[in-house]
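Below is one structure; the comments refer to it alone.
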Amino acid sequence: MKQSHYVRLSSVALALILSGLSAGFFATYQFSVIRGLAQVGDTTYVIIFQAINNTIRDLEFGIVFFGTAPAIAMALWTHRHRSSKTLLWLTMALLLAIATLLITFLGNIPLNNALAEIVPLTTDIASAARTEFESPWNRLNLFRTLTSLGALSCVVVATLPRRLRRY
């Protein structure tokens with residue numbers, strides 16, 4: 001195999017891994033953490049969410065979250081001379097990965113930052129904070145779950161052999 005084949009293979013493998021980890025993270029959060037948090041009281045909800053937001057900013061999450069779109073872009077670049085269908089699927093994957101980032105930066109992070117400011121935490125303050133935060137944040141997380149799952153799906157389709165791809 002030529003070196004360029006290894007580069008293409010490595011780039012798409014990295015795109016698959018990171019988009020899979022990203023989609024898995026958001027889906028797991030959507031299907032378990034949100035449901036678990038819905039069962040706790042307002043003060044506990046705010047305290048737990050503040051703790052999660054304080055601990056999520058780490059190297060591992062950063063690599064997955066910030067690395068997915070560049071990895072897909074690299075796969076798109078290394079496949080630029082491949083079939084137009086491969087390029088189309090990788091382009092859609094990149095757009096969906098960018099949408100995930102935009103949803104997070106324009107929606108979830110401002111909500112997280114507002115929630116972080118909530119101190120001292122009385123029952124009334126926690127209740128009001130949760131009312132302002134929970135529904136919009138959950139809706140945004142659902143959207144980024146869908147965009148990240150969409151990005152992963154597009155990378156998967158782009159990697160399928162032509163004979164298996166009908167679109």
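Chain lettering (A, B, ...) mirrors the order of the structure tokens, residue numbering begins at 1 for each chain separately, and ligand numbering begins at 1 in order of display.
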
Checklist line | All residues 12 Å or closer to stretch 35-43 of chain A, only C-alpha atoms, same chain fewer than 4 positions away omitted, as number ranges by chain | finding: A: 27-31, 47-50, 52, 115, 118-135, 138

Next item on the list: Find the residues near A:Thr104: any atom within 8 Å, counting only C-alpha atoms, skip ones fewer than 4 places away on the same chain, and give them as a ChimeraX atom specification.
Entry: /A:100,108-109,140,144

Writer output for current selection, all heavy atoms, as a PDB file, in the first residue's frame:
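Result file result-v2.pdb:
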```pdb
ATOM      1  N   THR A 100     -22.526  20.963  16.077  1.00  0.00           N
ATOM      2  CA  THR A 100     -22.426  20.530  17.475  1.00  0.00           C
ATOM      3  C   THR A 100     -21.626  21.550  18.288  1.00  0.00           C
ATOM      4  O   THR A 100     -22.024  21.929  19.394  1.00  0.00           O
ATOM      5  CB  THR A 100     -21.773  19.136  17.568  1.00  0.00           C
ATOM      6  OG1 THR A 100     -22.534  18.207  16.791  1.00  0.00           O
ATOM      7  CG2 THR A 100     -21.687  18.657  19.005  1.00  0.00           C
ATOM      8  N   ASN A 108     -25.310  26.056  25.104  1.00  0.00           N
ATOM      9  CA  ASN A 108     -25.046  25.358  26.363  1.00  0.00           C
ATOM     10  C   ASN A 108     -24.063  26.095  27.267  1.00  0.00           C
ATOM     11  O   ASN A 108     -24.293  26.207  28.478  1.00  0.00           O
ATOM     12  CB  ASN A 108     -24.538  23.935  26.099  1.00  0.00           C
ATOM     13  CG  ASN A 108     -25.590  23.071  25.455  1.00  0.00           C
ATOM     14  OD1 ASN A 108     -25.627  22.979  24.233  1.00  0.00           O
ATOM     15  ND2 ASN A 108     -26.445  22.450  26.243  1.00  0.00           N
ATOM     16  N   ILE A 109     -22.981  26.587  26.721  1.00  0.00           N
ATOM     17  CA  ILE A 109     -21.974  27.246  27.557  1.00  0.00           C
ATOM     18  C   ILE A 109     -22.514  28.516  28.215  1.00  0.00           C
ATOM     19  O   ILE A 109     -22.296  28.712  29.417  1.00  0.00           O
ATOM     20  CB  ILE A 109     -20.665  27.485  26.772  1.00  0.00           C
ATOM     21  CG1 ILE A 109     -19.971  26.138  26.531  1.00  0.00           C
ATOM     22  CG2 ILE A 109     -19.740  28.441  27.530  1.00  0.00           C
ATOM     23  CD1 ILE A 109     -18.723  26.202  25.683  1.00  0.00           C
ATOM     24  N   LEU A 140     -31.146  21.960  23.919  1.00  0.00           N
ATOM     25  CA  LEU A 140     -29.894  22.147  23.188  1.00  0.00           C
ATOM     26  C   LEU A 140     -29.056  20.867  23.183  1.00  0.00           C
ATOM     27  O   LEU A 140     -28.426  20.530  22.173  1.00  0.00           O
ATOM     28  CB  LEU A 140     -29.090  23.299  23.805  1.00  0.00           C
ATOM     29  CG  LEU A 140     -29.667  24.690  23.575  1.00  0.00           C
ATOM     30  CD1 LEU A 140     -29.009  25.706  24.509  1.00  0.00           C
ATOM     31  CD2 LEU A 140     -29.516  25.109  22.124  1.00  0.00           C
ATOM     32  N   ARG A 144     -27.600  18.775  19.958  1.00  0.00           N
ATOM     33  CA  ARG A 144     -26.208  18.410  19.705  1.00  0.00           C
ATOM     34  C   ARG A 144     -26.012  16.896  19.756  1.00  0.00           C
ATOM     35  O   ARG A 144     -25.083  16.378  19.136  1.00  0.00           O
ATOM     36  CB  ARG A 144     -25.242  19.166  20.598  1.00  0.00           C
ATOM     37  CG  ARG A 144     -25.309  18.860  22.045  1.00  0.00           C
ATOM     38  CD  ARG A 144     -24.397  19.781  22.821  1.00  0.00           C
ATOM     39  NE  ARG A 144     -24.492  19.471  24.236  1.00  0.00           N
ATOM     40  CZ  ARG A 144     -23.712  19.980  25.149  1.00  0.00           C
ATOM     41  NH1 ARG A 144     -22.764  20.838  24.801  1.00  0.00           N
ATOM     42  NH2 ARG A 144     -23.858  19.666  26.404  1.00  0.00           N
TER      43      ARG A 144
END
```

Checklist line | Nearest candidate to A:Gly67 (options A:Leu87, A:Leu111, A:Met92, A:Leu14; using only C-alpha atoms) | finding: A:Leu14

Notebook entry, point to check: From the set A:Ile103, A:Val33, A:Leu16, A:Leu142, which residue has the shortest atom-to-atom contact distance to A:Cys154, counting only C-alpha atoms?
Noted result: A:Leu16

Next item on the list: Would you mind listing what lies within 12 Å of A:Leu21 as a ChimeraX atom specification, with only C-alpha atoms counted and same-chain residues fewer than 2 positions away left out?
Entry: /A:14-19,23-28,60-68,145,148-149,151-152

Check: If you measure from atom CA of A:Val7 to atom CA of A:Thr78, what distance in Å do you get, rounded to one decimal?
Finding: 7.1 Å

Check: Which residues in stretch 36-102 of chain A does DSSP call helix (DSSP H, G or I)? List them as a ChimeraX atom specification.
Finding: /A:36-37,42-55,59-78,84-102

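Considering only C-alpha atoms, the residue among A:Ala69, A:Val157, A:Ile34, A:Leu96 positioned nearest to A:Trp137 is A:Ile34.
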